[in-house]
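Trainee: Take this structure first; my questions come after.
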Amino acid sequence: MGKTKTTRMPKTYKIIFIGTPEYSVPTLEALIADERFKVAAVITAPDAPVGRKQILTPPPVKVATQKFNLPILQPSKLCGKDVAVQRLYGELRDIKPDAIITIAYGQIIPPEILNIPKFGCLNLHASLLPKYRGASPIQAAVKNGDAQSGVTLMKMDEGLDTGPVIAQEKITIANNETGESLHDKLAKLSAQTLLKYLPDYLAGKITLQPQDDIKASLAPKLTRQNGCIDWTKPAVEIERLVRAYYPWPGTWSTWDTHTLKIISVSSKILKSAGNQPGSIFKYNEKLAVQCGENALVIETLQLEGKKLMSAEEFLRGYGNIVGATLRAVSPTSPTK
RNA sequence: CGCGGGGUAGAGCAGUUGGCAGCUCGCCAGGCCCAUAACCUGGAGGUCGCCGGUUCGAGUCCGGCCCCCGCAA
């Protein structure tokens, strides 16, 4: 495909891409593949030590970028008055980008950068803003049992996911949706949404819609601690929590002195009452746990130090868990 | 040297102060039954992660190494 005798070759927009994790990759690749855009540089987080062995690992966006031989910048920070940061600003200005596209970068973008591109700095967010501003919109949608989710393309301002909306695309949340599956769907949808609306936006054909701050909600960054299961809650809520927090931050409880990760539970809720919340009983060769309302059947679990296994396998070696009671080790303060 | 758990039959586990290697499930064969994923009987299947040491004797005690996993980051 050459540009041999293109008579009306449309303008190629110069883009700076900013992103870090796997979630950002489909959008980056879509931009690179699209001839209407030229990715002039990619900004991503520095390589970080990962895992028990603390092996220095490049972020997924860096790995993806390297295949195309594009310039990669990995500043440790974007704000400040140091020489390094000022030099970065200079480099970005010299590129003279038409737009900056950010998706899941992990750091606040300062005004100095927001103002560099001709058409501003755009962000793709994994929720239907103004719902679920913040770091964990995907988990929040599944956890709360929302019927749908989606992605929002917006022009960034200095606030946290508060900028005016360029476009939104919706998606239905399946009744067996997990954080992982929705993550993957929205990552692809983000790429499609960007390609669909970015050209019109750059051509000035789209009117931006301000967000209604009254309807805004926050989905803060999650930690493992958030995955502690409160068995006094209704089974339906816990079932959604387990799905929402798979694979990150995961859900867990404690059996005696051991941490027990709950990997997956059956979507079928057991009608049952009377037992103490957290108490374990056998149900069809599997484990069931009494909740505040009804009970859950555990499908897959992992005892600390052990490999992940099915409830049946687990029961062969740890039959003595039947009759025990799972407890939350620390009283989790209600988050919402 | 960040903290901790673990490697024993195909799977999941037990193995007490060193003394013939066990349990549950699965698998194979036979039996019972109208029938069965149920029940009964029998059977196969293990270099106890690797190397070395102590000992009459090591899954077990000592030293070194490899691998898996939870936490923390």
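Quick note on naming: the chains in the structure tokens go A, B, ... in the order shown, residues restart at 1 in each chain, and ligands are numbered from 1 in order of appearance.
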Show me, as an mmCIF file with N, CA, C and O atoms (P, O5', C5', C4', C3', O3' and C1' of nucleotides), in the first residue's frame, the residues of chain B whose atoms get within 6 Å of chain A, using only C-alpha atoms (C1' of nucleotides) for the distance check.
Mentor:
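Heads up, here's the output in out34.cif:
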data_model
loop_
_atom_site.group_PDB
_atom_site.id
_atom_site.type_symbol
_atom_site.label_atom_id
_atom_site.label_comp_id
_atom_site.auth_asym_id
_atom_site.auth_seq_id
_atom_site.Cartn_x
_atom_site.Cartn_y
_atom_site.Cartn_z
ATOM 1 P P G B 5 6.881 -21.223 57.365
ATOM 2 O "O5'" G B 5 5.815 -21.720 56.293
ATOM 3 C "C5'" G B 5 4.451 -21.930 56.683
ATOM 4 C "C4'" G B 5 3.646 -22.421 55.509
ATOM 5 C "C3'" G B 5 4.135 -23.706 54.870
ATOM 6 O "O3'" G B 5 3.715 -24.858 55.574
ATOM 7 C "C1'" G B 5 3.699 -22.131 53.179
ATOM 8 P P G B 12 -2.504 -32.097 42.744
ATOM 9 O "O5'" G B 12 -3.412 -32.181 44.036
ATOM 10 C "C5'" G B 12 -4.547 -31.324 44.165
ATOM 11 C "C4'" G B 12 -5.300 -31.649 45.419
ATOM 12 C "C3'" G B 12 -4.468 -31.686 46.690
ATOM 13 O "O3'" G B 12 -4.219 -30.383 47.191
ATOM 14 C "C1'" G B 12 -5.864 -33.586 46.616
ATOM 15 P P C B 13 -3.024 -30.166 48.250
ATOM 16 O "O5'" C B 13 -3.552 -30.975 49.509
ATOM 17 C "C5'" C B 13 -2.667 -31.359 50.560
ATOM 18 C "C4'" C B 13 -3.383 -32.352 51.418
ATOM 19 C "C3'" C B 13 -2.544 -33.012 52.511
ATOM 20 O "O3'" C B 13 -2.504 -32.216 53.676
ATOM 21 C "C1'" C B 13 -3.694 -34.677 51.293
ATOM 22 P P U B 24 -10.057 -44.557 52.287
ATOM 23 O "O5'" U B 24 -10.447 -43.172 51.605
ATOM 24 C "C5'" U B 24 -11.353 -42.273 52.241
ATOM 25 C "C4'" U B 24 -11.494 -41.019 51.420
ATOM 26 C "C3'" U B 24 -11.877 -41.233 49.958
ATOM 27 O "O3'" U B 24 -13.276 -41.413 49.795
ATOM 28 C "C1'" U B 24 -10.058 -39.729 50.078
ATOM 29 P P C B 69 3.828 -20.550 40.545
ATOM 30 O "O5'" C B 69 3.190 -20.379 41.992
ATOM 31 C "C5'" C B 69 1.901 -20.904 42.263
ATOM 32 C "C4'" C B 69 1.594 -20.816 43.732
ATOM 33 C "C3'" C B 69 1.566 -19.424 44.345
ATOM 34 O "O3'" C B 69 0.358 -18.741 44.074
ATOM 35 C "C1'" C B 69 2.711 -20.902 45.791
ATOM 36 P P G B 70 0.285 -17.170 44.217
ATOM 37 O "O5'" G B 70 0.104 -16.964 45.789
ATOM 38 C "C5'" G B 70 -1.128 -17.275 46.418
ATOM 39 C "C4'" G B 70 -1.063 -16.900 47.879
ATOM 40 C "C3'" G B 70 -0.658 -15.464 48.178
ATOM 41 O "O3'" G B 70 -1.727 -14.564 48.061
ATOM 42 C "C1'" G B 70 0.602 -16.912 49.527
#
Trainee: As an MDAnalysis selection string, list the residues of segment 181-336 of chain A assigned to strand (DSSP E or B) by DSSP on the backbone atoms of this structure.
Mentor: chainID A and resid 209 218 228 234 251:255 258:265 270 279:283 286:290 293 295:303 309:310 325:327
Trainee: Residues as selected, C-alpha atoms, written as an mmCIF file, in the first residue's frame, can you do that?
Mentor:
data_model
loop_
_atom_site.group_PDB
_atom_site.id
_atom_site.type_symbol
_atom_site.label_atom_id
_atom_site.label_comp_id
_atom_site.auth_asym_id
_atom_site.auth_seq_id
_atom_site.Cartn_x
_atom_site.Cartn_y
_atom_site.Cartn_z
ATOM 1 C CA GLN A 209 -20.918 17.699 26.436
ATOM 2 C CA LEU A 218 -16.014 7.608 42.377
ATOM 3 C CA CYS A 228 -11.856 -9.324 51.967
ATOM 4 C CA PRO A 234 -26.268 -11.274 50.892
ATOM 5 C CA THR A 251 -11.405 -12.003 46.940
ATOM 6 C CA TRP A 252 -10.407 -13.856 50.081
ATOM 7 C CA SER A 253 -11.326 -14.861 53.575
ATOM 8 C CA THR A 254 -9.506 -16.575 56.406
ATOM 9 C CA TRP A 255 -9.854 -20.175 57.537
ATOM 10 C CA HIS A 258 -4.803 -19.259 56.793
ATOM 11 C CA THR A 259 -5.776 -16.986 53.985
ATOM 12 C CA LEU A 260 -8.180 -18.660 51.589
ATOM 13 C CA LYS A 261 -8.623 -17.031 48.220
ATOM 14 C CA ILE A 262 -12.041 -17.438 46.695
ATOM 15 C CA ILE A 263 -11.395 -17.585 42.974
ATOM 16 C CA SER A 264 -14.853 -18.310 41.646
ATOM 17 C CA VAL A 265 -18.283 -19.185 42.945
ATOM 18 C CA LEU A 270 -28.411 -21.573 47.321
ATOM 19 C CA SER A 279 -19.882 -21.338 58.050
ATOM 20 C CA ILE A 280 -18.989 -24.046 55.557
ATOM 21 C CA PHE A 281 -21.048 -27.041 54.583
ATOM 22 C CA LYS A 282 -20.812 -29.685 51.912
ATOM 23 C CA TYR A 283 -23.070 -29.425 48.914
ATOM 24 C CA LYS A 286 -18.475 -28.997 46.680
ATOM 25 C CA LEU A 287 -18.106 -26.400 49.360
ATOM 26 C CA ALA A 288 -20.885 -24.030 50.235
ATOM 27 C CA VAL A 289 -20.657 -21.003 52.475
ATOM 28 C CA GLN A 290 -23.498 -19.469 54.378
ATOM 29 C CA GLU A 293 -28.787 -14.042 53.084
ATOM 30 C CA ALA A 295 -25.535 -19.255 50.543
ATOM 31 C CA LEU A 296 -22.849 -19.574 47.880
ATOM 32 C CA VAL A 297 -21.255 -22.637 46.286
ATOM 33 C CA ILE A 298 -17.513 -22.258 45.855
ATOM 34 C CA GLU A 299 -16.189 -23.515 42.535
ATOM 35 C CA THR A 300 -12.498 -22.652 42.667
ATOM 36 C CA LEU A 301 -10.276 -21.616 45.532
ATOM 37 C CA GLN A 302 -6.682 -21.341 46.647
ATOM 38 C CA LEU A 303 -5.191 -21.846 50.063
ATOM 39 C CA MET A 309 -7.752 -25.860 42.665
ATOM 40 C CA SER A 310 -11.372 -26.824 42.302
ATOM 41 C CA THR A 325 -16.316 -20.833 59.750
ATOM 42 C CA LEU A 326 -14.607 -18.366 57.447
ATOM 43 C CA ARG A 327 -13.950 -14.968 58.927
#
Trainee: Out of A:Tyr245, A:Glu285, A:Gly106, A:Lys170, which residue has the shortest atom-to-atom distance to C25 of chain B when counting only C-alpha atoms (C1' of nucleotides)?
Mentor: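 Going through A:Tyr245, A:Glu285, A:Gly106, A:Lys170 one by one, the smallest distance to C25 of chain B is for A:Glu285.
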Trainee: Which residues, written as a list in words, have at least one atom at most 12 Å from Asp184 of chain A, with only C-alpha atoms (C1' of nucleotides) counted and residues fewer than 3 positions away on the same chain left out?
Mentor: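 Once the adjacent positions are removed, what remains is Pro21, Glu22, Tyr23, Ser24, Val25, Pro26, Thr27, Ala126, Ile138, Gly150, Glu177, Thr178, Gly179, Glu180, Ser181, Ala187, Lys188, Leu189, Ser190 and Ala191 of chain A.
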Trainee: Just to confirm, what's the straight-line distance from atom C1' of C40 of chain B to atom CA of Ala311 of chain A in Å (one decimal)?
Mentor: 28.3 Å
Trainee: Select, from A:Asp256, A:Asp98, A:Glu91, A:Asp47, the residue with the minimum atom-to-atom distance to Gln74 of chain A, counting only C-alpha atoms.
Mentor: A:Asp47
Trainee: So that I can see what lies close to G31 of chain B, please list as a PDB file with N, CA, C and O atoms (P, O5', C5', C4', C3', O3' and C1' of nucleotides), in the first residue's frame the residues with an atom at most 12 Å from it, counting only C-alpha atoms (C1' of nucleotides) and leaving out residues fewer than 2 positions away in the same chain.
Mentor:
ATOM      1  P     A B  29     -12.003 -52.609  32.587  1.00  0.00           P
ATOM      2  O5'   A B  29     -11.911 -53.871  33.559  1.00  0.00           O
ATOM      3  C5'   A B  29     -11.055 -54.957  33.241  1.00  0.00           C
ATOM      4  C4'   A B  29     -11.103 -55.995  34.330  1.00  0.00           C
ATOM      5  C3'   A B  29     -12.503 -56.472  34.729  1.00  0.00           C
ATOM      6  O3'   A B  29     -13.029 -57.431  33.835  1.00  0.00           O
ATOM      7  C1'   A B  29     -11.238 -56.020  36.671  1.00  0.00           C
ATOM      8  P     C B  33     -28.642 -59.627  41.977  1.00  0.00           P
ATOM      9  O5'   C B  33     -29.238 -58.204  41.577  1.00  0.00           O
ATOM     10  C5'   C B  33     -29.941 -57.430  42.527  1.00  0.00           C
ATOM     11  C4'   C B  33     -30.157 -56.037  41.993  1.00  0.00           C
ATOM     12  C3'   C B  33     -30.867 -55.947  40.638  1.00  0.00           C
ATOM     13  O3'   C B  33     -32.270 -56.068  40.777  1.00  0.00           O
ATOM     14  C1'   C B  33     -29.000 -54.485  40.668  1.00  0.00           C
ATOM     15  P     C B  39     -20.970 -45.343  47.036  1.00  0.00           P
ATOM     16  O5'   C B  39     -21.558 -46.797  47.309  1.00  0.00           O
ATOM     17  C5'   C B  39     -22.386 -47.041  48.445  1.00  0.00           C
ATOM     18  C4'   C B  39     -22.698 -48.508  48.534  1.00  0.00           C
ATOM     19  C3'   C B  39     -21.489 -49.438  48.551  1.00  0.00           C
ATOM     20  O3'   C B  39     -20.937 -49.557  49.851  1.00  0.00           O
ATOM     21  C1'   C B  39     -23.073 -50.259  47.006  1.00  0.00           C
ATOM     22  P     C B  40     -19.364 -49.915  49.998  1.00  0.00           P
ATOM     23  O5'   C B  40     -19.283 -51.452  49.601  1.00  0.00           O
ATOM     24  C5'   C B  40     -19.891 -52.442  50.428  1.00  0.00           C
ATOM     25  C4'   C B  40     -19.633 -53.803  49.852  1.00  0.00           C
ATOM     26  C3'   C B  40     -18.185 -54.121  49.517  1.00  0.00           C
ATOM     27  O3'   C B  40     -17.448 -54.539  50.655  1.00  0.00           O
ATOM     28  C1'   C B  40     -19.549 -54.749  47.695  1.00  0.00           C
ATOM     29  P     U B  41     -15.855 -54.351  50.698  1.00  0.00           P
ATOM     30  O5'   U B  41     -15.348 -55.405  49.630  1.00  0.00           O
ATOM     31  C5'   U B  41     -15.522 -56.797  49.845  1.00  0.00           C
ATOM     32  C4'   U B  41     -14.935 -57.578  48.701  1.00  0.00           C
ATOM     33  C3'   U B  41     -13.514 -57.210  48.310  1.00  0.00           C
ATOM     34  O3'   U B  41     -12.541 -57.787  49.161  1.00  0.00           O
ATOM     35  C1'   U B  41     -14.825 -57.404  46.365  1.00  0.00           C
ATOM     36  P     G B  42     -11.153 -57.056  49.402  1.00  0.00           P
ATOM     37  O5'   G B  42     -10.404 -57.269  48.010  1.00  0.00           O
ATOM     38  C5'   G B  42      -9.944 -58.570  47.639  1.00  0.00           C
ATOM     39  C4'   G B  42      -9.575 -58.603  46.176  1.00  0.00           C
ATOM     40  C3'   G B  42      -8.424 -57.707  45.745  1.00  0.00           C
ATOM     41  O3'   G B  42      -7.147 -58.246  46.061  1.00  0.00           O
ATOM     42  C1'   G B  42     -10.176 -57.517  44.189  1.00  0.00           C
TER      43        G B  42
END
Trainee: Env of C27 of chain B: 12 Å cut, atoms = only C-alpha atoms (C1' of nucleotides), seq-sep filter 4 positions within chain, self excluded. Answer as a PyMOL selection string.
Mentor: chain B and resi 9-11+43-45
Trainee: Looking at B:G64, B:G7, B:G52, B:G46, which one is nearest to A21 of chain B, with distances taken over only C-alpha atoms (C1' of nucleotides)?
Mentor: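 For A21 of chain B, the nearest of the given residues is B:G46.
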Trainee: Could you give me, as a list in words, the residues within 10 Å of G15 of chain B, counting only C-alpha atoms (C1' of nucleotides) and dropping anything in the same chain fewer than 3 positions from it?
Mentor: U8, A21, G22, G59 and U60 of chain B
Trainee: Which residues come within 12 Å of Arg93 of chain A, counting only C-alpha atoms (C1' of nucleotides), excluding same-chain residues fewer than 5 positions away, as a list of chain:residue names?
Mentor: A:Lys14, A:Ile15, A:Ile16, A:Ala40, A:Ala41, A:Gln86, A:Arg87, A:Leu88, A:Asp98, A:Ala99, A:Ile100, A:Glu112, A:Ile113, A:Leu114, A:Asn115, A:Ile116, A:Pro117, A:Lys118
Trainee: For the atom pair atom CA of Leu241 of chain A and atom CA of Asn226 of chain A, what is the interatomic distance in Å to one decimal place?
Mentor: 10.0 Å
Trainee: At what distance in Å, to one decimal, does atom CA of Thr65 of chain A lie from atom CA of Glu29 of chain A?
Mentor: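 Calculated distance between atom CA of Glu29 of chain A and atom CA of Thr65 of chain A is 8.3 Å.
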Trainee: Could you give me the residues within segment 181-241 of chain A that DSSP places in helix (DSSP H, G or I), as an MDAnalysis selection string?
Mentor: chainID A and resid 181:202 213:215 224:227 235:241
Trainee: Next, write the just-selected residues to a file, as a compact mmCIF listing (two decimals), in the first residue's frame, keeping N, CA and C atoms as the atom set.
Mentor:
# COMPACT_ATOMS: atom_id res chain seq x y z
N SER A 181 -13.14 -10.29 32.02
CA SER A 181 -13.83 -10.32 30.72
C SER A 181 -14.28 -8.92 30.31
N LEU A 182 -14.77 -8.16 31.28
CA LEU A 182 -15.21 -6.80 30.95
C LEU A 182 -14.01 -5.92 30.58
N HIS A 183 -12.92 -6.14 31.28
CA HIS A 183 -11.68 -5.43 30.96
C HIS A 183 -11.31 -5.65 29.49
N ASP A 184 -11.34 -6.90 29.07
CA ASP A 184 -10.95 -7.20 27.69
C ASP A 184 -11.92 -6.58 26.68
N LYS A 185 -13.20 -6.67 26.99
CA LYS A 185 -14.19 -6.10 26.07
C LYS A 185 -14.03 -4.59 25.95
N LEU A 186 -13.85 -3.94 27.08
CA LEU A 186 -13.76 -2.49 27.06
C LEU A 186 -12.44 -2.01 26.45
N ALA A 187 -11.41 -2.82 26.59
CA ALA A 187 -10.13 -2.46 25.97
C ALA A 187 -10.30 -2.40 24.46
N LYS A 188 -11.01 -3.39 23.91
CA LYS A 188 -11.26 -3.39 22.46
C LYS A 188 -12.20 -2.27 22.06
N LEU A 189 -13.24 -2.10 22.89
CA LEU A 189 -14.22 -1.06 22.58
C LEU A 189 -13.56 0.33 22.60
N SER A 190 -12.59 0.50 23.47
CA SER A 190 -11.89 1.78 23.55
C SER A 190 -11.21 2.09 22.22
N ALA A 191 -10.56 1.08 21.67
CA ALA A 191 -9.87 1.26 20.40
C ALA A 191 -10.85 1.64 19.31
N GLN A 192 -11.97 0.91 19.26
CA GLN A 192 -12.98 1.20 18.23
C GLN A 192 -13.56 2.60 18.39
N THR A 193 -13.85 2.93 19.63
CA THR A 193 -14.48 4.22 19.90
C THR A 193 -13.57 5.37 19.48
N LEU A 194 -12.30 5.22 19.77
CA LEU A 194 -11.36 6.28 19.42
C LEU A 194 -11.30 6.49 17.91
N LEU A 195 -11.16 5.39 17.18
CA LEU A 195 -11.05 5.52 15.73
C LEU A 195 -12.34 6.06 15.13
N LYS A 196 -13.44 5.74 15.77
CA LYS A 196 -14.73 6.17 15.24
C LYS A 196 -14.95 7.68 15.40
N TYR A 197 -14.51 8.22 16.53
CA TYR A 197 -14.85 9.61 16.82
C TYR A 197 -13.70 10.60 16.73
N LEU A 198 -12.48 10.11 16.82
CA LEU A 198 -11.35 11.03 16.83
C LEU A 198 -11.28 11.90 15.57
N PRO A 199 -11.44 11.34 14.39
CA PRO A 199 -11.35 12.18 13.19
C PRO A 199 -12.38 13.30 13.19
N ASP A 200 -13.61 12.98 13.55
CA ASP A 200 -14.65 14.01 13.59
C ASP A 200 -14.32 15.07 14.63
N TYR A 201 -13.79 14.62 15.75
CA TYR A 201 -13.43 15.58 16.79
C TYR A 201 -12.36 16.53 16.28
N LEU A 202 -11.34 15.97 15.65
CA LEU A 202 -10.23 16.78 15.16
C LEU A 202 -10.68 17.72 14.05
N ASP A 213 -21.87 16.89 37.15
CA ASP A 213 -21.16 16.54 38.38
C ASP A 213 -22.08 15.98 39.46
N ILE A 214 -23.35 16.34 39.41
CA ILE A 214 -24.29 15.85 40.42
C ILE A 214 -24.40 14.32 40.34
N LYS A 215 -24.30 13.78 39.14
CA LYS A 215 -24.46 12.34 38.96
C LYS A 215 -23.14 11.58 39.07
N ARG A 224 -5.61 -5.21 47.77
CA ARG A 224 -6.02 -6.56 48.15
C ARG A 224 -6.98 -6.54 49.32
N GLN A 225 -6.78 -5.60 50.20
CA GLN A 225 -7.62 -5.50 51.39
C GLN A 225 -9.10 -5.36 51.02
N ASN A 226 -9.37 -4.70 49.90
CA ASN A 226 -10.75 -4.53 49.45
C ASN A 226 -11.41 -5.86 49.09
N GLY A 227 -10.59 -6.88 48.85
CA GLY A 227 -11.14 -8.16 48.43
C GLY A 227 -11.54 -9.05 49.59
N ALA A 235 -25.78 -13.26 49.60
CA ALA A 235 -25.03 -14.08 48.65
C ALA A 235 -24.93 -13.43 47.27
N VAL A 236 -25.99 -12.81 46.81
CA VAL A 236 -25.95 -12.19 45.48
C VAL A 236 -24.87 -11.12 45.40
N GLU A 237 -24.72 -10.36 46.46
CA GLU A 237 -23.70 -9.30 46.43
C GLU A 237 -22.30 -9.87 46.44
N ILE A 238 -22.12 -10.92 47.24
CA ILE A 238 -20.79 -11.53 47.31
C ILE A 238 -20.45 -12.19 45.98
N GLU A 239 -21.44 -12.80 45.37
CA GLU A 239 -21.20 -13.44 44.06
C GLU A 239 -20.72 -12.40 43.06
N ARG A 240 -21.34 -11.24 43.07
CA ARG A 240 -20.91 -10.18 42.15
C ARG A 240 -19.52 -9.68 42.50
N LEU A 241 -19.24 -9.59 43.78
CA LEU A 241 -17.92 -9.12 44.23
C LEU A 241 -16.82 -10.05 43.73
